[in-house]
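See below for the structure under consideration.
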Amino acid sequence: MFKRFIAYYRPHKKIFVLDMLAAFLIAAIGMGYPILTRYMLANWIPDKNIQMIVIGGCSLLGIYIVRALLRYFVQYYGHVMGVRMQASMRSELFAKLQKLPFTYYDNHDTGTILSTMTNDLFDISEVAHHGPENILIAGFTIVGSIVYLLTINWILGLVLLVIVPILLFVTYHFRKQFITNMRKTRQATAELNTRVANSISGIRVTKAFTNQDLEQKRFEEINEEYVKIRTNVFGSMGKYFSISQFVTDLFNVVVILLGGTLLYLGFDRFQVADYSAFVVSVSLFITPVNQLIMFLEQLESASSGFERFVSVVEEKEETIENGTKTLETLEGDLEFSHVTFSYNDEKKVLDDVSFKLKKGQVLAFVGPSGGGKTSICHLIPRFYFLKKDAGEIYLDGHNINEYTLASLRKNIGIVQQDVYLFAGTIKDNIRYGRPDASDEEIKNAAIRADIYDYIKTLPKGWDTDIGERGSKLSGGQKQRIAIARIFLKNPPLLILDEATSALDNATEVIIQRALTELAKDRTCIIVAHRLSTIKQADLIAVVDEGKIVEMGTHDELLKKGGFYTILHNLQFRLDKHRIVN
């Protein structure tokens with residue numbers, strides 16, 4: 001883990017070396033004050049050498065000016081190095097998130113991921129910057145102070161050395177509880193972020209059901225738990241820092257009592273100048289000790305944050321099972337051969353599913369919710385992977401595992417019920433289908449998706465901001481932008497996963513017209529709940545409890561009088577009831 005962290009310093013070697021050099025000089029300059037104080041008290045003041053006193057004071061001012069400049073360098077360039085390392089880690093993390101399989105997002109909260117991306121990486125960057133500086137400055141100052149104190153008076157120096165192990169023991173003893181509570185805090189923060197993110201995303205549902213009080217109650221429960229955990233953290237922090245601070249205060253007590261006694265007895269020619277220099281040096285010694293103790297908290301947060309960062313970066317990517325063959329042009333022949341699938345080794349979602357679809361044909365899946373229709377759609381672009389001996393899926397006669405994911409998905413277009421649009425403009429979201437598309441191509445895609453006339457009525461036209469997830473658009477408008485996006489992509493294989501199920505009848509007619517245009521000359525798979533929209537499909541498959549229980553054309557399935565007939569008659573009665581009422 002340590003070696004991995006060190007690797008992020010490599011692109012910033014020059015700044016790091018200069019930063020460490022500056023930190024060393026800062027620590028070295030800090031030793032000048034007690035040395036100059038002792039020399040002044042022992043020599044210049046008794047000799048009434050005002051010239052040397054002035055020279056000494058001016059010299060000290062000069063090196064303090066140099067130290068101020070060095071501190072500016074450390075603060076500025078050190079933080080620049082830290083934030084660049086943070087940016088590098090963030091880019092690596094974001095790139096990794098783009099490569100993770102759907103199963104990862106099924107099992108991890110958005111709030112936890114965001115917490116790693118922001119809070120954890122910030123803590124890491126702070127330690128990346130301050131850690132080496134603190135260790136170098138504090139370490140040099142502590143060692144230098146002890147050596148200097150021993151040269152002044154070995155008895156006092158040894159007594160102080162005895163107190164150091166006591167301080168380390170106390171720190172270790174109380175740090176354990178503090179670390180445990182800090183880790184709980186991280187988890188509580190992630191849960192709090194998740195709750196807030198979910199509440200904001202679902203604010204329209206909350207208001208529609210007038211459940212603001214319920215949401216507030218749920219939030220307060222998590223918020224109170226967060227307060228409780230933080231309270232425990234502050235309790236352990238209070239014990240940790242107060243006791244460690246008390247041990248460091250013992251240094252002052254020892255210096256006053258033992259130093260005063262030695263001065264009174266005139267032991268080993270111990271003088272007032274030595275005593276004064278000792279007092280100053282003890283203060284110089286205590287400060288870095290306290291800094292190191294404070295740094296332990298920062299180090300713990302960063303360490304646990306870096307562990308979470310590494311755990312994400314080392315997650316198994318979907319590209320690990322990536323094929324090597326590039327699918328340049330897809331004809332569109334599709335075959336499922338004895339496919340069995342389950343999520344997380346739980347109940348089978350698909351059980352021995354087989355079918356064949358030729359280029360340009362339309363296959364519609366119908367059946368009860370949860371039967372496995374959407375799972376079939378997700379397996380074609382390999383959003384989820386089949387296990388060994390769980391069947392095969394073929395495109396143009398080749399197992400889809402042979403193709404690279406990028407080339408496979410490039411040839412597949414998907415329109416779902418829950419359309420996702422990115423924050424930005426209408427043009428940005430349509431262009432997402434093919435980022436290198438020209439404005440004319442975007443316009444043609446919008447025309448074919450039957451959204452162009454609406455765009456023309458907007459004051460800002462193509463540059464209209466659609467809000468987060470298209471919140472400023474109606475369901476039909478969002479769906480047509482999604483269809484325009486697929487027109488621009490122009491894939492040979494099209495998957496329509498209940499693309500019109502959430503729309504009203506009038507809007508559905510418009511969208512269905514656009515989808516019919518989109519499906520021309522393409523192999524098309526349709527998941528539908530309204531049977532009237534798929535009567536003309538070349539094949540209709542009825543899926544129930546993970547199995548294809550019936551397959552054929554609309555007329556063939558009605559003649560069988562089976563599951564499809566029951567669905568058809570039930571929907572016919574419902575539609576008739578709606579018309580009458």
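As shown in the structure tokens, the chain order sets the letters A, B, ...; within each chain, residues go from 1, and ligands are also counted from 1 in the order they appear.
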Residue contacts of Ala364 (chain A) (6 Å, only C-alpha atoms) excluding same-chain residues fewer than 3 positions away, as a PDB file with C-alpha atoms, in the first residue's frame:
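In the end it all went to part.pdb:
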ATOM      1  CA  ILE A 525     -35.673  -6.430 -30.001  1.00  0.00           C
ATOM      2  CA  ILE A 526     -38.686  -4.910 -28.304  1.00  0.00           C
ATOM      3  CA  VAL A 527     -39.799  -5.347 -24.712  1.00  0.00           C
ATOM      4  CA  ILE A 540     -43.212 -12.630 -30.316  1.00  0.00           C
TER       5      ILE A 540
END
Original post:
Counting only C-alpha atoms, what is within 7 Å of region 453-464 of chain A, bar same-chain residues fewer than 4 positions away, as a list in words?
Top reply: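 That gives Thr425, Ile426 and Lys427 of chain A.
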Just write the chosen residues, N, CA, C and O atoms, as a PDB file, in the first residue's frame.
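Okay, this is what ended up in part00.pdb:
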ATOM      1  N   THR A 425     -27.228  20.980 -22.677  1.00  0.00           N
ATOM      2  CA  THR A 425     -28.163  21.457 -23.697  1.00  0.00           C
ATOM      3  C   THR A 425     -28.770  20.303 -24.477  1.00  0.00           C
ATOM      4  O   THR A 425     -28.307  19.155 -24.394  1.00  0.00           O
ATOM      5  N   ILE A 426     -29.784  20.619 -25.259  1.00  0.00           N
ATOM      6  CA  ILE A 426     -30.409  19.615 -26.118  1.00  0.00           C
ATOM      7  C   ILE A 426     -29.396  19.088 -27.133  1.00  0.00           C
ATOM      8  O   ILE A 426     -29.288  17.872 -27.349  1.00  0.00           O
ATOM      9  N   LYS A 427     -28.636  20.001 -27.723  1.00  0.00           N
ATOM     10  CA  LYS A 427     -27.643  19.574 -28.720  1.00  0.00           C
ATOM     11  C   LYS A 427     -26.606  18.643 -28.094  1.00  0.00           C
ATOM     12  O   LYS A 427     -26.231  17.630 -28.691  1.00  0.00           O
TER      13      LYS A 427
END
Original post:
Using only C-alpha atoms, which of the listed residues (A:Leu363, A:Asp120, A:Tyr384, A:Ile412) sits closest to Asp538 (chain A)?
Top reply: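 Ranking A:Leu363, A:Asp120, A:Tyr384, A:Ile412 by distance to Asp538 (chain A), first place goes to A:Leu363.
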Write out as a short mmCIF file (atom, residue, chain, number, x, y, z; two decimals) with all heavy atoms, in the first residue's frame which residues come within 12 Å of region 12-14 of chain A when counting only C-alpha atoms, dropping same-chain ones fewer than 4 positions away.
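See selection.cif below for the written result:
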data_model
loop_
_atom_site.label_atom_id
_atom_site.label_comp_id
_atom_site.auth_asym_id
_atom_site.auth_seq_id
_atom_site.Cartn_x
_atom_site.Cartn_y
_atom_site.Cartn_z
N ILE A 6 3.46 6.03 -2.74
CA ILE A 6 4.69 6.73 -3.13
C ILE A 6 4.73 6.95 -4.64
O ILE A 6 5.27 7.96 -5.13
CB ILE A 6 5.93 5.94 -2.66
CG1 ILE A 6 6.03 5.96 -1.14
CG2 ILE A 6 7.21 6.50 -3.27
CD1 ILE A 6 6.22 7.33 -0.55
N ALA A 7 4.16 6.03 -5.40
CA ALA A 7 4.21 6.12 -6.87
C ALA A 7 3.58 7.40 -7.39
O ALA A 7 3.95 7.90 -8.46
CB ALA A 7 3.51 4.90 -7.48
N TYR A 8 2.64 7.97 -6.63
CA TYR A 8 1.96 9.20 -7.09
C TYR A 8 2.85 10.44 -6.96
O TYR A 8 2.51 11.50 -7.48
CB TYR A 8 0.66 9.40 -6.32
CG TYR A 8 -0.39 8.38 -6.68
CD1 TYR A 8 -0.63 7.27 -5.87
CD2 TYR A 8 -1.15 8.51 -7.85
CE1 TYR A 8 -1.57 6.32 -6.20
CE2 TYR A 8 -2.10 7.56 -8.19
CZ TYR A 8 -2.30 6.47 -7.37
OH TYR A 8 -3.25 5.53 -7.70
N LEU A 18 12.44 19.93 -3.88
CA LEU A 18 12.57 21.33 -3.45
C LEU A 18 11.75 21.59 -2.19
O LEU A 18 12.17 22.34 -1.30
CB LEU A 18 12.13 22.27 -4.58
CG LEU A 18 13.04 22.30 -5.82
CD1 LEU A 18 12.41 23.16 -6.92
CD2 LEU A 18 14.43 22.83 -5.46
N ASP A 19 10.60 20.97 -2.11
CA ASP A 19 9.73 21.12 -0.94
C ASP A 19 10.42 20.56 0.30
O ASP A 19 10.38 21.18 1.38
CB ASP A 19 8.40 20.40 -1.20
CG ASP A 19 7.35 20.72 -0.15
OD1 ASP A 19 7.11 21.92 0.07
OD2 ASP A 19 6.78 19.79 0.43
N MET A 20 11.02 19.39 0.17
CA MET A 20 11.72 18.78 1.29
C MET A 20 12.96 19.60 1.70
O MET A 20 13.27 19.73 2.89
CB MET A 20 12.15 17.35 0.94
CG MET A 20 11.00 16.37 0.80
SD MET A 20 10.01 16.19 2.31
CE MET A 20 8.65 17.31 1.96
N LEU A 21 13.66 20.14 0.70
CA LEU A 21 14.81 20.99 0.99
C LEU A 21 14.39 22.23 1.76
O LEU A 21 15.02 22.62 2.75
CB LEU A 21 15.52 21.39 -0.31
CG LEU A 21 16.74 22.31 -0.17
CD1 LEU A 21 17.82 21.65 0.70
CD2 LEU A 21 17.29 22.68 -1.54
N TYR A 77 3.71 25.64 -3.20
CA TYR A 77 4.07 24.56 -4.11
C TYR A 77 3.76 23.19 -3.51
O TYR A 77 3.47 22.23 -4.24
CB TYR A 77 5.55 24.66 -4.49
CG TYR A 77 5.82 25.78 -5.45
CD1 TYR A 77 6.35 26.99 -5.01
CD2 TYR A 77 5.52 25.65 -6.80
CE1 TYR A 77 6.58 28.05 -5.89
CE2 TYR A 77 5.75 26.69 -7.69
CZ TYR A 77 6.27 27.89 -7.23
OH TYR A 77 6.49 28.92 -8.11
N GLY A 78 3.83 23.10 -2.17
CA GLY A 78 3.45 21.84 -1.54
C GLY A 78 1.98 21.52 -1.78
O GLY A 78 1.62 20.39 -2.12
N HIS A 79 1.13 22.53 -1.62
CA HIS A 79 -0.30 22.32 -1.87
C HIS A 79 -0.58 22.07 -3.34
O HIS A 79 -1.47 21.29 -3.70
CB HIS A 79 -1.12 23.52 -1.37
CG HIS A 79 -1.41 23.48 0.09
ND1 HIS A 79 -0.75 24.25 1.01
CD2 HIS A 79 -2.27 22.71 0.81
CE1 HIS A 79 -1.21 23.99 2.23
NE2 HIS A 79 -2.13 23.06 2.13
N VAL A 80 0.15 22.75 -4.22
CA VAL A 80 0.00 22.52 -5.66
C VAL A 80 0.32 21.06 -5.98
O VAL A 80 -0.40 20.40 -6.75
CB VAL A 80 0.91 23.47 -6.48
CG1 VAL A 80 0.98 23.02 -7.94
CG2 VAL A 80 0.38 24.89 -6.39
N MET A 81 1.42 20.57 -5.40
CA MET A 81 1.78 19.17 -5.60
C MET A 81 0.66 18.26 -5.08
O MET A 81 0.26 17.30 -5.76
CB MET A 81 3.08 18.86 -4.88
CG MET A 81 3.53 17.41 -5.01
SD MET A 81 5.02 17.05 -4.04
CE MET A 81 4.35 17.19 -2.37
N GLY A 82 0.13 18.57 -3.89
CA GLY A 82 -0.92 17.75 -3.31
C GLY A 82 -2.18 17.73 -4.16
O GLY A 82 -2.77 16.68 -4.38
N VAL A 83 -2.57 18.89 -4.66
CA VAL A 83 -3.81 18.96 -5.45
C VAL A 83 -3.62 18.30 -6.81
O VAL A 83 -4.56 17.73 -7.38
CB VAL A 83 -4.28 20.43 -5.59
CG1 VAL A 83 -3.51 21.18 -6.67
CG2 VAL A 83 -5.78 20.47 -5.88
N ARG A 84 -2.40 18.34 -7.34
CA ARG A 84 -2.15 17.64 -8.60
C ARG A 84 -2.19 16.13 -8.41
O ARG A 84 -2.69 15.39 -9.26
CB ARG A 84 -0.78 18.06 -9.16
CG ARG A 84 -0.79 19.46 -9.77
CD ARG A 84 0.60 19.87 -10.25
NE ARG A 84 0.59 21.22 -10.81
CZ ARG A 84 1.69 21.87 -11.19
NH1 ARG A 84 2.89 21.31 -11.05
NH2 ARG A 84 1.59 23.09 -11.69
N MET A 85 -1.66 15.68 -7.29
CA MET A 85 -1.75 14.26 -6.97
C MET A 85 -3.21 13.85 -6.78
O MET A 85 -3.64 12.79 -7.22
CB MET A 85 -0.95 13.95 -5.70
CG MET A 85 0.55 14.08 -5.89
SD MET A 85 1.48 13.91 -4.33
CE MET A 85 1.16 12.19 -3.94
N SER A 88 -4.80 13.60 -10.12
CA SER A 88 -4.38 12.37 -10.79
C SER A 88 -5.15 11.16 -10.26
O SER A 88 -5.62 10.32 -11.03
CB SER A 88 -2.88 12.17 -10.58
OG SER A 88 -2.44 10.96 -11.15
N ALA A 128 -0.49 13.87 1.57
CA ALA A 128 0.56 13.81 0.55
C ALA A 128 1.43 15.06 0.61
O ALA A 128 2.64 15.01 0.40
CB ALA A 128 -0.06 13.65 -0.83
N HIS A 129 0.78 16.19 0.90
CA HIS A 129 1.53 17.45 1.00
C HIS A 129 2.18 17.62 2.37
O HIS A 129 3.39 17.81 2.50
CB HIS A 129 0.59 18.62 0.70
CG HIS A 129 1.07 19.94 1.22
ND1 HIS A 129 2.37 20.37 1.06
CD2 HIS A 129 0.43 20.92 1.91
CE1 HIS A 129 2.51 21.56 1.62
NE2 HIS A 129 1.34 21.90 2.15
#
**OP:** Could you tell me how far CA of Pro132 (chain A) lies from CA of Phe309 (chain A), in Å and to one decimal?
**Re:**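 For CA of Pro132 (chain A) relative to CA of Phe309 (chain A), the distance reads 20.5 Å.
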**OP:** Would you mind listing what lies within 9 Å of region 338-353 of chain A as a list of chain:residue names, with only C-alpha atoms counted and same-chain residues fewer than 6 positions away left out?
**Re:** A:Thr103, A:Gly370, A:Gly371, A:Gly372, A:Lys373, A:Ser375, A:Ile376, A:Tyr384, A:Phe385, A:Leu386, A:Lys387, A:Asp389, A:Ala390, A:Gly391, A:Glu392, A:Ile393, A:Glu545, A:Gly546, A:Lys547, A:Ile548
Subject >> Which of A:Tyr33, A:Leu25, A:Gln571, A:Gly476 sits closest to Ser276 (chain A) [using only C-alpha atoms] >> reply: A:Tyr33
**OP:** Could you jot down the CA of Gln291 (chain A) to CA of Ile137 (chain A) separation for me, Å, one decimal place?
**Re:**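 CA of Gln291 (chain A) sits 9.9 Å away from CA of Ile137 (chain A).
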Original post:
Mind pulling up the distance from CA of Gly467 (chain A) to CA of Thr206 (chain A)?
Top reply: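 Between these atoms lies a distance of 18.8 Å.
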Expected answer as a compact mmCIF listing (two decimals) with all heavy atoms, in the first residue's frame: strand (DSSP E or B) residues in region 195-357 of chain A:
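After the write, selection17.txt holds the following:
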# COMPACT_ATOMS: atom_id res chain seq x y z
N LYS A 325 -11.54 -9.54 -30.75
CA LYS A 325 -11.99 -9.31 -32.12
C LYS A 325 -12.80 -8.01 -32.20
O LYS A 325 -13.71 -7.78 -31.40
CB LYS A 325 -12.85 -10.48 -32.60
CG LYS A 325 -13.26 -10.39 -34.06
CD LYS A 325 -14.10 -11.61 -34.45
CE LYS A 325 -13.27 -12.87 -34.41
NZ LYS A 325 -14.05 -14.05 -34.88
N LEU A 334 -28.81 -12.76 -34.59
CA LEU A 334 -28.68 -12.91 -33.14
C LEU A 334 -29.20 -14.27 -32.71
O LEU A 334 -30.24 -14.73 -33.19
CB LEU A 334 -29.46 -11.81 -32.42
CG LEU A 334 -29.54 -11.89 -30.90
CD1 LEU A 334 -28.16 -11.71 -30.26
CD2 LEU A 334 -30.52 -10.86 -30.36
N GLU A 335 -28.46 -14.93 -31.81
CA GLU A 335 -28.89 -16.22 -31.30
C GLU A 335 -28.56 -16.36 -29.82
O GLU A 335 -27.46 -16.06 -29.39
CB GLU A 335 -28.22 -17.37 -32.07
CG GLU A 335 -28.63 -18.74 -31.56
CD GLU A 335 -27.90 -19.89 -32.24
OE1 GLU A 335 -27.13 -19.63 -33.19
OE2 GLU A 335 -28.08 -21.06 -31.81
N PHE A 336 -29.56 -16.79 -29.05
CA PHE A 336 -29.36 -17.21 -27.66
C PHE A 336 -29.40 -18.73 -27.64
O PHE A 336 -30.36 -19.34 -28.14
CB PHE A 336 -30.47 -16.66 -26.76
CG PHE A 336 -30.17 -15.32 -26.16
CD1 PHE A 336 -29.83 -14.23 -26.97
CD2 PHE A 336 -30.24 -15.11 -24.80
CE1 PHE A 336 -29.58 -12.98 -26.43
CE2 PHE A 336 -29.97 -13.86 -24.24
CZ PHE A 336 -29.64 -12.80 -25.05
N SER A 337 -28.38 -19.34 -27.06
CA SER A 337 -28.33 -20.81 -27.02
C SER A 337 -28.23 -21.29 -25.58
O SER A 337 -27.18 -21.17 -24.94
CB SER A 337 -27.12 -21.31 -27.84
OG SER A 337 -27.01 -22.71 -27.74
N HIS A 338 -29.35 -21.77 -25.05
CA HIS A 338 -29.42 -22.37 -23.71
C HIS A 338 -28.81 -21.44 -22.65
O HIS A 338 -27.95 -21.85 -21.86
CB HIS A 338 -28.72 -23.73 -23.70
CG HIS A 338 -29.26 -24.69 -24.70
ND1 HIS A 338 -30.49 -25.29 -24.59
CD2 HIS A 338 -28.72 -25.13 -25.89
CE1 HIS A 338 -30.71 -26.07 -25.62
NE2 HIS A 338 -29.65 -25.99 -26.44
N VAL A 339 -29.26 -20.21 -22.63
CA VAL A 339 -28.71 -19.20 -21.72
C VAL A 339 -29.40 -19.29 -20.35
O VAL A 339 -30.63 -19.25 -20.26
CB VAL A 339 -28.89 -17.78 -22.31
CG1 VAL A 339 -28.53 -16.72 -21.26
CG2 VAL A 339 -28.00 -17.62 -23.54
N THR A 340 -28.58 -19.40 -19.32
CA THR A 340 -29.05 -19.38 -17.93
C THR A 340 -28.30 -18.28 -17.20
O THR A 340 -27.09 -18.14 -17.35
CB THR A 340 -28.79 -20.74 -17.25
OG1 THR A 340 -29.53 -21.76 -17.94
CG2 THR A 340 -29.24 -20.70 -15.79
N PHE A 341 -29.03 -17.48 -16.41
CA PHE A 341 -28.39 -16.31 -15.79
C PHE A 341 -29.04 -16.00 -14.45
O PHE A 341 -30.25 -16.20 -14.25
CB PHE A 341 -28.52 -15.10 -16.72
CG PHE A 341 -27.99 -13.82 -16.14
CD1 PHE A 341 -26.62 -13.64 -15.99
CD2 PHE A 341 -28.85 -12.81 -15.74
CE1 PHE A 341 -26.12 -12.46 -15.45
CE2 PHE A 341 -28.36 -11.63 -15.21
CZ PHE A 341 -26.99 -11.46 -15.06
N SER A 342 -28.20 -15.53 -13.51
CA SER A 342 -28.71 -15.07 -12.22
C SER A 342 -27.83 -13.93 -11.74
O SER A 342 -26.65 -13.84 -12.10
CB SER A 342 -28.72 -16.20 -11.19
OG SER A 342 -27.41 -16.67 -10.95
N LYS A 348 -32.44 -18.04 -10.27
CA LYS A 348 -32.26 -17.90 -11.71
C LYS A 348 -33.22 -16.86 -12.27
O LYS A 348 -34.43 -16.93 -12.04
CB LYS A 348 -32.49 -19.24 -12.41
CG LYS A 348 -31.40 -20.27 -12.16
CD LYS A 348 -31.72 -21.57 -12.91
CE LYS A 348 -30.63 -22.61 -12.64
NZ LYS A 348 -30.94 -23.90 -13.31
N VAL A 349 -32.66 -15.91 -13.01
CA VAL A 349 -33.49 -14.91 -13.68
C VAL A 349 -33.86 -15.41 -15.07
O VAL A 349 -34.96 -15.16 -15.56
CB VAL A 349 -32.73 -13.56 -13.78
CG1 VAL A 349 -33.57 -12.52 -14.50
CG2 VAL A 349 -32.38 -13.07 -12.39
N LEU A 350 -32.92 -16.10 -15.73
CA LEU A 350 -33.17 -16.74 -17.02
C LEU A 350 -32.81 -18.22 -16.89
O LEU A 350 -31.78 -18.56 -16.30
CB LEU A 350 -32.33 -16.09 -18.12
CG LEU A 350 -32.58 -14.61 -18.40
CD1 LEU A 350 -31.62 -14.09 -19.46
CD2 LEU A 350 -34.01 -14.35 -18.82
N ASP A 351 -33.64 -19.07 -17.48
CA ASP A 351 -33.43 -20.51 -17.35
C ASP A 351 -33.56 -21.18 -18.71
O ASP A 351 -34.65 -21.35 -19.24
CB ASP A 351 -34.46 -21.07 -16.36
CG ASP A 351 -34.21 -22.55 -16.04
OD1 ASP A 351 -33.18 -23.09 -16.48
OD2 ASP A 351 -35.06 -23.14 -15.37
N ASP A 352 -32.39 -21.50 -19.30
CA ASP A 352 -32.33 -22.23 -20.56
C ASP A 352 -33.11 -21.52 -21.68
O ASP A 352 -33.99 -22.10 -22.32
CB ASP A 352 -32.88 -23.65 -20.37
CG ASP A 352 -32.47 -24.58 -21.52
OD1 ASP A 352 -31.41 -24.34 -22.13
OD2 ASP A 352 -33.25 -25.50 -21.82
N VAL A 353 -32.76 -20.26 -21.90
CA VAL A 353 -33.42 -19.45 -22.92
C VAL A 353 -32.71 -19.63 -24.26
O VAL A 353 -31.49 -19.46 -24.36
CB VAL A 353 -33.40 -17.95 -22.53
CG1 VAL A 353 -33.92 -17.09 -23.69
CG2 VAL A 353 -34.25 -17.74 -21.28
N SER A 354 -33.47 -19.96 -25.31
CA SER A 354 -32.92 -20.12 -26.66
C SER A 354 -33.86 -19.50 -27.68
O SER A 354 -35.08 -19.64 -27.58
CB SER A 354 -32.72 -21.61 -27.00
OG SER A 354 -31.79 -22.21 -26.12
N PHE A 355 -33.28 -18.79 -28.64
CA PHE A 355 -34.03 -18.26 -29.78
C PHE A 355 -33.06 -17.79 -30.84
O PHE A 355 -31.88 -17.58 -30.58
CB PHE A 355 -34.97 -17.10 -29.37
CG PHE A 355 -34.26 -15.89 -28.83
CD1 PHE A 355 -33.76 -14.91 -29.70
CD2 PHE A 355 -34.10 -15.70 -27.47
CE1 PHE A 355 -33.12 -13.78 -29.21
CE2 PHE A 355 -33.46 -14.58 -26.98
CZ PHE A 355 -32.96 -13.62 -27.85
N LYS A 356 -33.56 -17.64 -32.07
CA LYS A 356 -32.75 -17.14 -33.18
C LYS A 356 -33.49 -15.99 -33.85
O LYS A 356 -34.71 -16.00 -33.98
CB LYS A 356 -32.48 -18.25 -34.20
CG LYS A 356 -31.52 -19.32 -33.72
CD LYS A 356 -31.22 -20.31 -34.84
CE LYS A 356 -30.24 -21.38 -34.37
NZ LYS A 356 -29.92 -22.36 -35.44
N LEU A 357 -32.71 -15.01 -34.26
CA LEU A 357 -33.27 -13.83 -34.92
C LEU A 357 -32.37 -13.48 -36.09
O LEU A 357 -31.16 -13.33 -35.94
CB LEU A 357 -33.33 -12.66 -33.93
CG LEU A 357 -34.12 -11.41 -34.33
CD1 LEU A 357 -35.58 -11.77 -34.55
CD2 LEU A 357 -33.99 -10.35 -33.25
**OP:** Can you pull out every residue within 12 Å of Val127 (chain A), counting only C-alpha atoms, but drop anything in the same chain fewer than 6 positions away, and send it as a list in words?
**Re:**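 That gives Phe5, Ile6, Gly78, His79, Met81, Gly82, Val83, Met85, Gln86, Asp120, Leu121, Glu133, Asn134, Ile135, Met294, Phe295, Leu296, Glu297, Gln298, Leu299, Glu300, Ser301, Ala302, Ser303, Ser304, Gly305 and Phe306 of chain A.
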Expected file: the selected residues, N, CA and C atoms, as a short mmCIF file (atom, residue, chain, number, x, y, z; two decimals), in the first residue's frame:
data_model
loop_
_atom_site.label_atom_id
_atom_site.label_comp_id
_atom_site.auth_asym_id
_atom_site.auth_seq_id
_atom_site.Cartn_x
_atom_site.Cartn_y
_atom_site.Cartn_z
N PHE A 5 1.27 4.29 -2.82
CA PHE A 5 1.07 5.71 -2.53
C PHE A 5 2.27 6.53 -3.00
N ILE A 6 3.46 6.03 -2.74
CA ILE A 6 4.69 6.73 -3.13
C ILE A 6 4.73 6.95 -4.64
N GLY A 78 3.83 23.10 -2.17
CA GLY A 78 3.45 21.84 -1.54
C GLY A 78 1.98 21.52 -1.78
N HIS A 79 1.13 22.53 -1.62
CA HIS A 79 -0.30 22.32 -1.87
C HIS A 79 -0.58 22.07 -3.34
N MET A 81 1.42 20.57 -5.40
CA MET A 81 1.78 19.17 -5.60
C MET A 81 0.66 18.26 -5.08
N GLY A 82 0.13 18.57 -3.89
CA GLY A 82 -0.92 17.75 -3.31
C GLY A 82 -2.18 17.73 -4.16
N VAL A 83 -2.57 18.89 -4.66
CA VAL A 83 -3.81 18.96 -5.45
C VAL A 83 -3.62 18.30 -6.81
N MET A 85 -1.66 15.68 -7.29
CA MET A 85 -1.75 14.26 -6.97
C MET A 85 -3.21 13.85 -6.78
N GLN A 86 -3.97 14.72 -6.11
CA GLN A 86 -5.39 14.47 -5.92
C GLN A 86 -6.11 14.39 -7.26
N ASP A 120 -12.40 11.58 0.68
CA ASP A 120 -11.22 10.72 0.84
C ASP A 120 -10.02 11.26 0.07
N LEU A 121 -10.25 11.66 -1.17
CA LEU A 121 -9.13 12.16 -1.98
C LEU A 121 -8.60 13.48 -1.44
N GLU A 133 6.54 16.82 4.90
CA GLU A 133 7.03 18.06 5.53
C GLU A 133 6.98 17.95 7.05
N ASN A 134 5.85 17.49 7.57
CA ASN A 134 5.70 17.39 9.02
C ASN A 134 6.73 16.42 9.61
N ILE A 135 6.89 15.30 8.94
CA ILE A 135 7.84 14.30 9.45
C ILE A 135 9.26 14.85 9.42
N MET A 294 -0.96 15.53 16.34
CA MET A 294 -2.09 16.01 15.53
C MET A 294 -2.08 15.38 14.14
N PHE A 295 -0.89 15.16 13.63
CA PHE A 295 -0.77 14.59 12.29
C PHE A 295 -1.28 13.16 12.24
N LEU A 296 -1.25 12.45 13.38
CA LEU A 296 -1.72 11.07 13.40
C LEU A 296 -3.19 10.98 13.00
N GLU A 297 -4.00 11.96 13.45
CA GLU A 297 -5.42 11.98 13.07
C GLU A 297 -5.56 12.12 11.56
N GLN A 298 -4.82 13.06 11.00
CA GLN A 298 -4.87 13.30 9.57
C GLN A 298 -4.39 12.06 8.80
N LEU A 299 -3.34 11.44 9.32
CA LEU A 299 -2.78 10.26 8.67
C LEU A 299 -3.77 9.11 8.69
N GLU A 300 -4.50 8.94 9.79
CA GLU A 300 -5.47 7.86 9.89
C GLU A 300 -6.60 8.05 8.89
N SER A 301 -7.12 9.28 8.80
CA SER A 301 -8.19 9.56 7.84
C SER A 301 -7.73 9.29 6.41
N ALA A 302 -6.51 9.74 6.12
CA ALA A 302 -5.97 9.55 4.77
C ALA A 302 -5.71 8.08 4.48
N SER A 303 -5.22 7.35 5.48
CA SER A 303 -4.91 5.93 5.28
C SER A 303 -6.17 5.13 4.97
N SER A 304 -7.22 5.35 5.77
CA SER A 304 -8.47 4.64 5.52
C SER A 304 -9.08 5.08 4.20
N GLY A 305 -8.94 6.37 3.87
CA GLY A 305 -9.43 6.88 2.59
C GLY A 305 -8.68 6.28 1.42
N PHE A 306 -7.36 6.14 1.57
CA PHE A 306 -6.55 5.55 0.50
C PHE A 306 -6.88 4.07 0.32
#
With region 256-272 of chain A as the partner and 9 Å as the cut-off, tabulate the residues of region 277-357 of chain A that qualify, each row holding the nearest pair of atoms and their distance in Å to one decimal, using only C-alpha atoms, sorted by chain and rising number, as CSV.
residue,atom,partner,partner_atom,distance
A:Ala277,CA,A:Val272,CA,8.5
A:Phe278,CA,A:Gly259,CA,8.4
A:Val279,CA,A:Ile256,CA,8.3
Subject >> All residues 12 Å or closer to Leu558 (chain A), only C-alpha atoms, same chain fewer than 4 positions away omitted, as an MDAnalysis selection string >> reply: chainID A and resid 531 535 540 542 550:554 562:569
Original post:
Within 9 Å of Val247 (chain A), counting only C-alpha atoms, which residues qualify if same-chain residues fewer than 6 places away don't, as a PyMOL selection string?
Top reply: chain A and resi 163-164+166-167+170
Original post:
From the list A:Pro11, A:Phe246, A:Ala423, A:Ile414, which residue is nearest Leu515 (chain A) when using only C-alpha atoms?
Top reply: A:Ile414
